[in-house]
>>> print(open('work-v6.csv').read())   # CSV, C-alpha atoms
chain,number,residue,atom,x,y,z
A,1,MET,CA,25.7,-6.5,-18.7
A,2,GLN,CA,26.4,-5.3,-15.1
A,3,PHE,CA,24.5,-2.4,-13.4
A,4,SER,CA,25.2,0.1,-10.7
A,5,ALA,CA,22.4,1.6,-8.6
A,6,ASN,CA,22.7,5.4,-8.4
A,7,LEU,CA,21.6,6.0,-4.8
A,8,GLY,CA,21.0,9.7,-5.5
A,9,PHE,CA,17.7,8.5,-7.0
A,10,LEU,CA,17.2,4.9,-6.1
A,11,TRP,CA,16.3,4.1,-2.5
A,12,SER,CA,16.7,7.8,-1.8
A,13,ASP,CA,14.3,7.4,1.2
A,14,LEU,CA,16.9,5.4,3.0
A,15,ALA,CA,20.1,6.4,4.7
A,16,LEU,CA,23.0,5.8,2.4
A,17,PRO,CA,24.4,2.7,4.2
A,18,ASP,CA,20.9,1.1,4.1
A,19,ALA,CA,20.4,2.1,0.5
A,20,ILE,CA,23.7,0.2,-0.3
A,21,ARG,CA,22.3,-2.9,1.4
A,22,ALA,CA,19.0,-2.6,-0.5
A,23,ALA,CA,20.9,-2.3,-3.8
A,24,ALA,CA,22.8,-5.5,-3.0
A,25,ALA,CA,19.6,-7.3,-2.0
A,26,ALA,CA,18.1,-6.3,-5.4
A,27,GLY,CA,21.0,-7.8,-7.3
A,28,PHE,CA,23.0,-4.7,-8.4
A,29,ASP,CA,26.6,-5.2,-9.1
A,30,ALA,CA,27.8,-1.9,-7.7
A,31,VAL,CA,26.6,1.4,-6.4
A,32,GLU,CA,27.2,5.1,-7.0
A,33,CYS,CA,25.9,8.3,-5.3
A,34,HIS,CA,25.6,12.0,-5.6
A,35,TRP,CA,26.6,13.6,-2.3
A,36,PRO,CA,27.4,11.2,0.6
A,37,TYR,CA,28.9,13.7,2.9
A,38,ALA,CA,26.1,13.7,5.6
A,39,HIS,CA,27.2,10.1,6.4
A,40,ALA,CA,30.3,9.1,8.2
A,41,PRO,CA,32.7,7.4,5.7
A,42,GLU,CA,33.1,4.6,8.2
A,43,ALA,CA,29.4,3.7,8.1
A,44,VAL,CA,29.5,3.8,4.3
A,45,SER,CA,32.6,1.6,4.1
A,46,ALA,CA,31.1,-0.9,6.5
A,47,ALA,CA,28.0,-1.3,4.3
A,48,LEU,CA,30.2,-1.7,1.2
A,49,ALA,CA,32.3,-4.3,3.0
A,50,GLU,CA,29.2,-6.1,4.2
A,51,THR,CA,27.6,-6.3,0.8
A,52,GLY,CA,30.7,-6.7,-1.3
A,53,LEU,CA,29.7,-3.8,-3.6
A,54,ALA,CA,32.0,-1.2,-4.9
A,55,MET,CA,31.1,2.5,-4.8
A,56,LEU,CA,31.9,3.7,-8.3
A,57,GLY,CA,31.5,7.4,-8.0
A,58,LEU,CA,30.4,10.5,-6.1
A,59,ASN,CA,30.0,14.2,-6.9
A,60,THR,CA,31.6,17.4,-5.6
A,61,LEU,CA,29.1,19.5,-3.8
A,62,ARG,CA,26.8,21.8,-5.7
A,63,GLY,CA,27.5,24.9,-3.5
A,64,GLN,CA,24.7,27.2,-2.3
A,65,PRO,CA,21.0,26.6,-3.0
A,66,GLY,CA,20.4,27.2,-6.7
A,67,GLU,CA,23.9,26.5,-7.7
A,68,ASN,CA,25.0,23.4,-9.6
A,69,GLY,CA,28.7,23.2,-8.8
A,70,LEU,CA,31.5,25.6,-8.4
A,71,SER,CA,34.4,24.6,-10.5
A,72,ALA,CA,33.8,26.9,-13.6
A,73,ILE,CA,32.7,29.9,-11.6
A,74,PRO,CA,35.3,32.8,-11.7
A,75,GLY,CA,36.0,34.1,-8.2
A,76,ARG,CA,35.1,30.8,-6.5
A,77,GLU,CA,38.4,29.0,-7.1
A,78,ALA,CA,39.4,28.5,-3.5
A,79,GLU,CA,35.9,27.2,-2.5
A,80,ALA,CA,35.8,24.9,-5.6
A,81,ARG,CA,39.2,23.4,-4.8
A,82,ALA,CA,38.3,22.9,-1.2
A,83,GLU,CA,35.2,20.9,-2.3
A,84,ILE,CA,37.3,19.0,-4.8
A,85,ASP,CA,39.8,18.1,-2.1
A,86,ARG,CA,36.9,17.1,0.2
A,87,ALA,CA,35.4,14.8,-2.4
A,88,ILE,CA,38.8,13.2,-3.1
A,89,ALA,CA,39.4,12.5,0.6
A,90,TYR,CA,35.9,11.0,1.0
A,91,ALA,CA,36.3,8.9,-2.1
A,92,ARG,CA,39.6,7.5,-0.8
A,93,ALA,CA,38.1,6.9,2.6
A,94,ILE,CA,35.4,4.6,1.2
A,95,GLY,CA,37.4,3.1,-1.7
A,96,CYS,CA,35.5,4.9,-4.4
A,97,GLY,CA,37.1,5.0,-7.8
A,98,SER,CA,35.9,8.3,-9.3
A,99,VAL,CA,34.9,11.9,-8.5
A,100,HIS,CA,32.6,13.9,-10.7
A,101,VAL,CA,33.7,17.5,-10.6
A,102,MET,CA,30.6,19.7,-11.1
A,103,ALA,CA,31.1,22.8,-13.2
A,104,GLY,CA,28.2,25.1,-12.2
A,105,VAL,CA,26.3,27.8,-14.0
A,106,ALA,CA,28.7,29.9,-16.0
A,107,GLU,CA,29.7,30.7,-19.5
A,108,GLY,CA,32.5,32.3,-21.6
A,109,PRO,CA,36.3,32.1,-21.9
A,110,GLN,CA,37.0,33.0,-18.3
A,111,ALA,CA,34.7,30.3,-17.0
A,112,GLU,CA,36.5,27.8,-19.3
A,113,ALA,CA,39.9,28.9,-18.0
A,114,VAL,CA,38.7,28.5,-14.4
A,115,PHE,CA,37.2,25.1,-15.1
A,116,LEU,CA,40.4,23.9,-16.8
A,117,ALA,CA,42.5,25.1,-13.8
A,118,ASN,CA,40.3,23.4,-11.3
A,119,LEU,CA,40.2,20.1,-13.3
A,120,ASP,CA,44.0,20.3,-13.5
A,121,HIS,CA,44.1,20.6,-9.7
A,122,ALA,CA,41.8,17.6,-9.3
A,123,CYS,CA,43.7,15.4,-11.7
A,124,ARG,CA,47.1,16.2,-10.1
A,125,ALA,CA,45.7,15.8,-6.6
A,126,ALA,CA,44.2,12.4,-7.3
A,127,PRO,CA,46.2,10.5,-9.9
A,128,ASP,CA,44.9,7.3,-8.2
A,129,LEU,CA,41.2,8.3,-9.0
A,130,THR,CA,39.2,8.9,-12.2
A,131,ILE,CA,38.1,12.5,-12.5
A,132,LEU,CA,34.8,12.8,-14.4
A,133,ILE,CA,33.1,15.6,-16.2
A,134,GLU,CA,29.5,15.3,-17.3
A,135,PRO,CA,27.6,17.3,-19.9
A,136,LEU,CA,24.1,18.2,-18.5
A,137,ASN,CA,21.2,19.0,-20.7
A,138,SER,CA,20.0,22.7,-20.8
A,139,TYR,CA,16.4,21.9,-19.9
A,140,ASP,CA,17.1,20.2,-16.6
A,141,ALA,CA,20.2,22.3,-15.9
A,142,PRO,CA,19.8,25.7,-17.6
A,143,GLY,CA,23.0,27.7,-17.9
A,144,TYR,CA,25.3,24.8,-16.8
A,145,PHE,CA,28.7,25.4,-18.2
A,146,LEU,CA,29.2,21.9,-19.8
A,147,SER,CA,26.3,20.8,-22.0
A,148,ARG,CA,27.8,18.9,-25.0
A,149,SER,CA,30.1,16.0,-25.6
A,150,ASP,CA,32.4,17.8,-28.0
A,151,GLN,CA,33.0,20.5,-25.4
A,152,ALA,CA,33.9,17.8,-22.8
A,153,LEU,CA,36.2,16.2,-25.3
A,154,MET,CA,38.0,19.5,-26.0
A,155,LEU,CA,38.6,20.0,-22.3
A,156,ILE,CA,39.9,16.4,-21.8
A,157,GLU,CA,42.2,16.8,-24.8
A,158,ARG,CA,43.5,20.2,-23.7
A,159,LEU,CA,44.5,19.0,-20.3
A,160,GLY,CA,45.9,15.7,-21.4
A,161,HIS,CA,45.6,14.0,-18.0
A,162,PRO,CA,45.0,10.2,-18.4
A,163,ASN,CA,42.7,10.2,-15.4
A,164,LEU,CA,40.3,12.8,-16.8
A,165,LYS,CA,37.3,11.1,-18.4
A,166,LEU,CA,33.8,11.7,-19.7
A,167,MET,CA,30.7,10.7,-17.8
A,168,PHE,CA,28.5,9.6,-20.7
A,169,ASP,CA,25.0,10.1,-19.4
A,170,CYS,CA,22.7,8.7,-22.2
A,171,TYR,CA,19.7,10.7,-20.8
A,172,HIS,CA,21.5,14.1,-21.0
A,173,LEU,CA,23.2,13.4,-24.3
A,174,GLN,CA,20.1,12.1,-26.0
A,175,ILE,CA,18.3,15.3,-25.2
A,176,MET,CA,21.1,17.5,-26.4
A,177,GLU,CA,22.6,15.6,-29.3
A,178,GLY,CA,21.1,12.2,-30.0
A,179,ASP,CA,23.0,9.7,-32.2
A,180,LEU,CA,24.1,7.8,-29.1
A,181,THR,CA,25.5,4.8,-31.0
A,182,ARG,CA,28.0,6.8,-33.0
A,183,ARG,CA,28.9,9.0,-30.0
A,184,LEU,CA,29.6,6.0,-27.8
A,185,THR,CA,31.8,4.5,-30.5
A,186,ARG,CA,33.7,7.7,-31.2
A,187,LEU,CA,34.1,8.7,-27.6
A,188,LEU,CA,34.8,5.3,-26.1
A,189,PRO,CA,38.5,6.0,-25.4
A,190,VAL,CA,37.7,9.0,-23.1
A,191,ILE,CA,34.5,7.5,-21.4
A,192,GLY,CA,34.9,6.8,-17.7
A,193,HIS,CA,31.4,5.9,-16.9
A,194,VAL,CA,28.0,5.4,-18.6
A,195,GLN,CA,24.6,6.2,-17.1
A,196,ILE,CA,21.1,5.4,-18.3
A,197,ALA,CA,17.5,6.6,-17.9
A,198,ALA,CA,14.5,6.9,-20.1
A,199,VAL,CA,14.1,9.9,-22.3
A,200,PRO,CA,12.3,12.3,-21.8
A,201,ASP,CA,10.9,11.5,-18.4
A,202,ARG,CA,14.1,10.2,-16.7
A,203,GLY,CA,12.2,7.1,-15.6
A,204,THR,CA,13.0,3.4,-15.8
A,205,PRO,CA,15.2,2.5,-18.9
A,206,ASP,CA,12.5,0.3,-20.5
A,207,HIS,CA,10.5,3.0,-22.5
A,208,GLY,CA,10.8,6.3,-24.2
A,209,GLU,CA,13.1,7.5,-27.1
A,210,VAL,CA,16.1,5.3,-26.3
A,211,ASP,CA,16.1,1.5,-26.8
A,212,TYR,CA,18.6,0.4,-24.1
A,213,ARG,CA,18.6,-3.1,-25.4
A,214,HIS,CA,20.4,-1.7,-28.4
A,215,ILE,CA,22.6,0.6,-26.3
A,216,CYS,CA,23.7,-2.3,-24.1
A,217,ALA,CA,24.4,-4.5,-27.2
A,218,VAL,CA,26.5,-1.7,-28.7
A,219,LEU,CA,28.5,-1.3,-25.5
A,220,ARG,CA,29.0,-5.1,-25.2
A,221,ASP,CA,30.3,-5.2,-28.8
A,222,LEU,CA,32.6,-2.3,-28.1
A,223,GLY,CA,34.1,-4.4,-25.2
A,224,TRP,CA,32.6,-2.4,-22.3
A,225,ASP,CA,32.9,-4.5,-19.2
A,226,ARG,CA,32.0,-2.1,-16.4
A,227,PRO,CA,28.6,-1.5,-14.7
A,228,LEU,CA,26.2,0.9,-16.3
A,229,GLY,CA,24.8,3.5,-13.9
A,230,ALA,CA,21.0,3.3,-13.4
A,231,GLU,CA,20.4,6.9,-12.7
A,232,TYR,CA,16.6,7.2,-13.1
A,233,LYS,CA,13.8,8.5,-11.0
A,234,PRO,CA,11.5,5.7,-10.0
A,235,VAL,CA,7.8,6.3,-9.6
A,236,GLY,CA,6.9,4.8,-6.3
A,237,ALA,CA,9.1,2.4,-4.4
A,238,THR,CA,12.4,1.6,-6.0
A,239,GLY,CA,12.0,-2.1,-5.5
A,240,ASP,CA,8.8,-2.0,-7.7
A,241,SER,CA,10.7,-0.3,-10.5
A,242,LEU,CA,13.2,-3.0,-11.4
A,243,GLY,CA,11.4,-5.0,-14.0
A,244,TRP,CA,13.8,-3.8,-16.7
A,245,LEU,CA,16.9,-5.2,-14.9
A,246,PRO,CA,16.7,-8.9,-15.8
A,247,GLU,CA,16.2,-8.3,-19.6
A,248,LEU,CA,19.1,-5.8,-19.9
A,249,ARG,CA,21.3,-8.0,-17.7
A,250,ARG,CA,21.0,-10.9,-20.2
A,251,ILE,CA,22.5,-8.8,-23.0
>>> encode(input="work-v6.csv", output="structure tokens")
Amino acid sequence: MQFSANLGFLWSDLALPDAIRAAAAAGFDAVECHWPYAHAPEAVSAALAETGLAMLGLNTLRGQPGENGLSAIPGREAEARAEIDRAIAYARAIGCGSVHVMAGVAEGPQAEAVFLANLDHACRAAPDLTILIEPLNSYDAPGYFLSRSDQALMLIERLGHPNLKLMFDCYHLQIMEGDLTRRLTRLLPVIGHVQIAAVPDRGTPDHGEVDYRHICAVLRDLGWDRPLGAEYKPVGATGDSLGWLPELRRI
């Protein structure tokens, strides 16, 4: 198995270009991030070129403090589309393959219609990129518009864009739904990226409710050949939290 370091959580004490270099030194196959916008894309691109790592994905901005995205919030369409366009431009500038469009705190048919329209905009604006949507669990992200995989599948099928995919975060979906083996198998055609972390503490993927040795074997047998995103919260220095990596890499 291959693994991507999520630099929103790993080496978060370093500037993004230096975090990329640290991930390469630790043996990761790729990197991903949350919000890279404080860093000039030229500096990020230089670190990626230096290390030979690819940046797999980044997020649209959350919005104002306390918000968790804008794209499903009625009345914020212009702001949401500006942030989508900003994320697409940054992704292209650094050679990043996907953009996660964050929905925000909202509910109801009007929010769904707004989210669909904004996702349609994203997919049409960036046919060269993968547009990702991610269900977030309602304990860590109360009120977030998208919380279940069947809801995400419905949105993907309604729009019908080939570049609209599901971010299958095992941590969030285990909390909300469980049955990860069957969900991975059933949803594989629409999955654009997979992320891992322990449940319930979001720590290193070597303890807790989910046996990631099993999950990695399932993905291997399904033909998954892309890096899995290590999006966990290390206790202490990131470099001291990587004992799980050699075992899962061997699967």
>>> atom_distance(input="work-v6.csv", atom1="atom CA of A:Thr51", atom2="atom CA of A:Ala23")
9.1 Å
>>> residues_around(input="work-v6.csv", residues="A:Tyr37", least_positions_apart="2", cutoff="9 Å", atoms="only C-alpha atoms", output="CSV table (one decimal) with C-alpha atoms, in the frame of the given file")
chain,number,residue,atom,x,y,z
A,35,TRP,CA,26.6,13.6,-2.3
A,39,HIS,CA,27.2,10.1,6.4
A,40,ALA,CA,30.3,9.1,8.2
A,41,PRO,CA,32.7,7.4,5.7
A,61,LEU,CA,29.1,19.5,-3.8
A,87,ALA,CA,35.4,14.8,-2.4
A,90,TYR,CA,35.9,11.0,1.0
>>> atom_distance(input="work-v6.csv", atom1="atom CA of A:Leu228", atom2="atom CA of A:Ala80")
28.0 Å
>>> residues_near_point(input="work-v6.csv", point="(22.2, 0.9, -12.5)", cutoff="10 Å", atoms="all atoms listed in the file", output="ChimeraX atom specification")
/A:2-7,10,23,28-32,194-197,205,227-232,242,245
>>> closest_residue(input="work-v6.csv", among="A:Gln110, A:Gln151, A:Thr238, A:Ser45", to="A:Arg92", atoms="all atoms listed in the file")
A:Ser45
>>> closest_residue(input="work-v6.csv", among="A:Gly104, A:Leu184, A:Leu153, A:Leu58", to="A:Gly223", atoms="all atoms listed in the file")
A:Leu184
>>> residues_around(input="work-v6.csv", residues="A:Ser71", least_positions_apart="2", cutoff="12 Å", atoms="only C-alpha atoms", output="JSON, numbers by chain")
{"A": [59, 60, 61, 62, 63, 67, 68, 69, 73, 74, 75, 76, 77, 78, 79, 80, 81, 82, 83, 84, 85, 100, 101, 102, 103, 104, 105, 106, 107, 110, 111, 112, 113, 114, 115, 116, 117, 118, 119, 120, 121, 122, 133, 144, 145, 146]}
>>> atom_distance(input="work-v6.csv", atom1="atom CA of A:Ile175", atom2="atom CA of A:Leu222")
22.9 Å
>>> residues_around(input="work-v6.csv", residues="A:Val235", least_positions_apart="6", cutoff="9 Å", atoms="only C-alpha atoms", output="mmCIF file with C-alpha atoms, keeping the file's coordinate frame")
data_model
loop_
_atom_site.group_PDB
_atom_site.id
_atom_site.type_symbol
_atom_site.label_atom_id
_atom_site.label_comp_id
_atom_site.auth_asym_id
_atom_site.auth_seq_id
_atom_site.Cartn_x
_atom_site.Cartn_y
_atom_site.Cartn_z
ATOM 1 C CA GLY A 203 12.200 7.100 -15.600
ATOM 2 C CA THR A 204 13.000 3.400 -15.800
ATOM 3 C CA SER A 241 10.700 -0.300 -10.500
#
>>> decode(input="work-v6.csv", residues="stretch 83-191 of chain A", atoms="C-alpha atoms", output="PDB file, in the first residue's frame")
ATOM      1  CA  GLU A  83     -13.615  30.218  -3.141  1.00  0.00           C
ATOM      2  CA  ILE A  84     -14.148  27.264  -5.484  1.00  0.00           C
ATOM      3  CA  ASP A  85     -12.450  29.198  -8.282  1.00  0.00           C
ATOM      4  CA  ARG A  86      -9.626  30.171  -5.939  1.00  0.00           C
ATOM      5  CA  ALA A  87      -9.074  26.552  -4.931  1.00  0.00           C
ATOM      6  CA  ILE A  88      -9.102  25.397  -8.557  1.00  0.00           C
ATOM      7  CA  ALA A  89      -6.564  28.039  -9.541  1.00  0.00           C
ATOM      8  CA  TYR A  90      -4.267  27.130  -6.647  1.00  0.00           C
ATOM      9  CA  ALA A  91      -4.574  23.410  -7.413  1.00  0.00           C
ATOM     10  CA  ARG A  92      -3.624  23.974 -11.031  1.00  0.00           C
ATOM     11  CA  ALA A  93      -0.703  26.200 -10.027  1.00  0.00           C
ATOM     12  CA  ILE A  94       0.870  23.422  -7.928  1.00  0.00           C
ATOM     13  CA  GLY A  95      -0.184  20.432 -10.030  1.00  0.00           C
ATOM     14  CA  CYS A  96      -2.690  19.181  -7.451  1.00  0.00           C
ATOM     15  CA  GLY A  97      -5.220  16.679  -8.783  1.00  0.00           C
ATOM     16  CA  SER A  98      -8.317  17.271  -6.659  1.00  0.00           C
ATOM     17  CA  VAL A  99     -10.313  19.901  -4.791  1.00  0.00           C
ATOM     18  CA  HIS A 100     -12.580  19.080  -1.840  1.00  0.00           C
ATOM     19  CA  VAL A 101     -15.577  21.415  -1.939  1.00  0.00           C
ATOM     20  CA  MET A 102     -16.700  21.995   1.646  1.00  0.00           C
ATOM     21  CA  ALA A 103     -20.476  22.219   2.099  1.00  0.00           C
ATOM     22  CA  GLY A 104     -20.875  24.073   5.389  1.00  0.00           C
ATOM     23  CA  VAL A 105     -23.502  24.024   8.108  1.00  0.00           C
ATOM     24  CA  ALA A 106     -26.930  23.884   6.446  1.00  0.00           C
ATOM     25  CA  GLU A 107     -29.952  21.648   5.976  1.00  0.00           C
ATOM     26  CA  GLY A 108     -33.036  21.205   3.864  1.00  0.00           C
ATOM     27  CA  PRO A 109     -34.021  21.233   0.179  1.00  0.00           C
ATOM     28  CA  GLN A 110     -32.788  24.767  -0.481  1.00  0.00           C
ATOM     29  CA  ALA A 111     -29.341  23.928   0.862  1.00  0.00           C
ATOM     30  CA  GLU A 112     -29.281  20.807  -1.300  1.00  0.00           C
ATOM     31  CA  ALA A 113     -30.177  22.824  -4.393  1.00  0.00           C
ATOM     32  CA  VAL A 114     -27.452  25.375  -3.638  1.00  0.00           C
ATOM     33  CA  PHE A 115     -24.865  22.658  -3.055  1.00  0.00           C
ATOM     34  CA  LEU A 116     -25.785  20.916  -6.310  1.00  0.00           C
ATOM     35  CA  ALA A 117     -25.511  24.172  -8.239  1.00  0.00           C
ATOM     36  CA  ASN A 118     -22.120  24.999  -6.722  1.00  0.00           C
ATOM     37  CA  LEU A 119     -20.810  21.503  -7.367  1.00  0.00           C
ATOM     38  CA  ASP A 120     -22.011  21.756 -10.950  1.00  0.00           C
ATOM     39  CA  HIS A 121     -20.058  24.991 -11.244  1.00  0.00           C
ATOM     40  CA  ALA A 122     -16.933  23.344  -9.808  1.00  0.00           C
ATOM     41  CA  CYS A 123     -17.120  20.319 -12.093  1.00  0.00           C
ATOM     42  CA  ARG A 124     -17.672  22.429 -15.209  1.00  0.00           C
ATOM     43  CA  ALA A 125     -14.937  24.894 -14.240  1.00  0.00           C
ATOM     44  CA  ALA A 126     -12.366  22.140 -13.672  1.00  0.00           C
ATOM     45  CA  PRO A 127     -12.958  19.119 -15.920  1.00  0.00           C
ATOM     46  CA  ASP A 128      -9.223  18.438 -15.584  1.00  0.00           C
ATOM     47  CA  LEU A 129      -9.495  17.993 -11.793  1.00  0.00           C
ATOM     48  CA  THR A 130     -11.374  15.651  -9.464  1.00  0.00           C
ATOM     49  CA  ILE A 131     -13.985  17.450  -7.380  1.00  0.00           C
ATOM     50  CA  LEU A 132     -14.467  15.718  -4.033  1.00  0.00           C
ATOM     51  CA  ILE A 133     -17.290  15.793  -1.504  1.00  0.00           C
ATOM     52  CA  GLU A 134     -16.812  14.311   1.968  1.00  0.00           C
ATOM     53  CA  PRO A 135     -19.374  13.247   4.561  1.00  0.00           C
ATOM     54  CA  LEU A 136     -18.286  14.496   7.999  1.00  0.00           C
ATOM     55  CA  ASN A 137     -19.514  12.945  11.219  1.00  0.00           C
ATOM     56  CA  SER A 138     -22.054  14.889  13.253  1.00  0.00           C
ATOM     57  CA  TYR A 139     -20.017  14.727  16.481  1.00  0.00           C
ATOM     58  CA  ASP A 140     -16.955  16.543  15.142  1.00  0.00           C
ATOM     59  CA  ALA A 141     -18.914  18.642  12.634  1.00  0.00           C
ATOM     60  CA  PRO A 142     -22.427  19.203  14.049  1.00  0.00           C
ATOM     61  CA  GLY A 143     -24.895  20.481  11.494  1.00  0.00           C
ATOM     62  CA  TYR A 144     -22.628  19.851   8.509  1.00  0.00           C
ATOM     63  CA  PHE A 145     -24.807  19.444   5.430  1.00  0.00           C
ATOM     64  CA  LEU A 146     -23.219  16.197   4.222  1.00  0.00           C
ATOM     65  CA  SER A 147     -22.945  13.432   6.821  1.00  0.00           C
ATOM     66  CA  ARG A 148     -23.696  10.085   5.130  1.00  0.00           C
ATOM     67  CA  SER A 149     -22.376   8.146   2.171  1.00  0.00           C
ATOM     68  CA  ASP A 150     -25.800   7.487   0.621  1.00  0.00           C
ATOM     69  CA  GLN A 151     -26.441  11.243   0.596  1.00  0.00           C
ATOM     70  CA  ALA A 152     -23.119  11.811  -1.168  1.00  0.00           C
ATOM     71  CA  LEU A 153     -23.909   9.068  -3.688  1.00  0.00           C
ATOM     72  CA  MET A 154     -27.280  10.677  -4.459  1.00  0.00           C
ATOM     73  CA  LEU A 155     -25.607  14.031  -5.163  1.00  0.00           C
ATOM     74  CA  ILE A 156     -22.980  12.427  -7.388  1.00  0.00           C
ATOM     75  CA  GLU A 157     -25.585  10.483  -9.356  1.00  0.00           C
ATOM     76  CA  ARG A 158     -27.894  13.481  -9.747  1.00  0.00           C
ATOM     77  CA  LEU A 159     -25.185  15.650 -11.253  1.00  0.00           C
ATOM     78  CA  GLY A 160     -23.633  12.914 -13.377  1.00  0.00           C
ATOM     79  CA  HIS A 161     -20.255  14.607 -13.800  1.00  0.00           C
ATOM     80  CA  PRO A 162     -17.464  12.029 -14.232  1.00  0.00           C
ATOM     81  CA  ASN A 163     -15.058  14.187 -12.210  1.00  0.00           C
ATOM     82  CA  LEU A 164     -17.314  14.395  -9.123  1.00  0.00           C
ATOM     83  CA  LYS A 165     -16.197  11.786  -6.585  1.00  0.00           C
ATOM     84  CA  LEU A 166     -16.570  10.738  -2.955  1.00  0.00           C
ATOM     85  CA  MET A 167     -13.886  11.340  -0.351  1.00  0.00           C
ATOM     86  CA  PHE A 168     -14.247   8.126   1.666  1.00  0.00           C
ATOM     87  CA  ASP A 169     -12.894   9.068   5.083  1.00  0.00           C
ATOM     88  CA  CYS A 170     -12.923   5.856   7.119  1.00  0.00           C
ATOM     89  CA  TYR A 171     -12.866   7.794  10.382  1.00  0.00           C
ATOM     90  CA  HIS A 172     -16.005   9.807   9.647  1.00  0.00           C
ATOM     91  CA  LEU A 173     -17.917   6.958   8.008  1.00  0.00           C
ATOM     92  CA  GLN A 174     -17.116   4.440  10.735  1.00  0.00           C
ATOM     93  CA  ILE A 175     -18.598   6.830  13.298  1.00  0.00           C
ATOM     94  CA  MET A 176     -21.723   7.523  11.250  1.00  0.00           C
ATOM     95  CA  GLU A 177     -22.361   4.213   9.502  1.00  0.00           C
ATOM     96  CA  GLY A 178     -19.800   1.465  10.105  1.00  0.00           C
ATOM     97  CA  ASP A 179     -19.707  -1.586   7.793  1.00  0.00           C
ATOM     98  CA  LEU A 180     -16.686  -0.150   5.990  1.00  0.00           C
ATOM     99  CA  THR A 181     -15.864  -3.287   4.016  1.00  0.00           C
ATOM    100  CA  ARG A 182     -19.242  -3.428   2.279  1.00  0.00           C
ATOM    101  CA  ARG A 183     -19.350   0.341   1.801  1.00  0.00           C
ATOM    102  CA  LEU A 184     -15.922   0.405   0.168  1.00  0.00           C
ATOM    103  CA  THR A 185     -16.933  -2.439  -2.129  1.00  0.00           C
ATOM    104  CA  ARG A 186     -20.273  -0.904  -3.101  1.00  0.00           C
ATOM    105  CA  LEU A 187     -19.039   2.668  -3.491  1.00  0.00           C
ATOM    106  CA  LEU A 188     -15.696   1.933  -5.160  1.00  0.00           C
ATOM    107  CA  PRO A 189     -16.777   3.287  -8.593  1.00  0.00           C
ATOM    108  CA  VAL A 190     -17.452   6.754  -7.138  1.00  0.00           C
ATOM    109  CA  ILE A 191     -14.574   6.936  -4.615  1.00  0.00           C
TER     110      ILE A 191
END
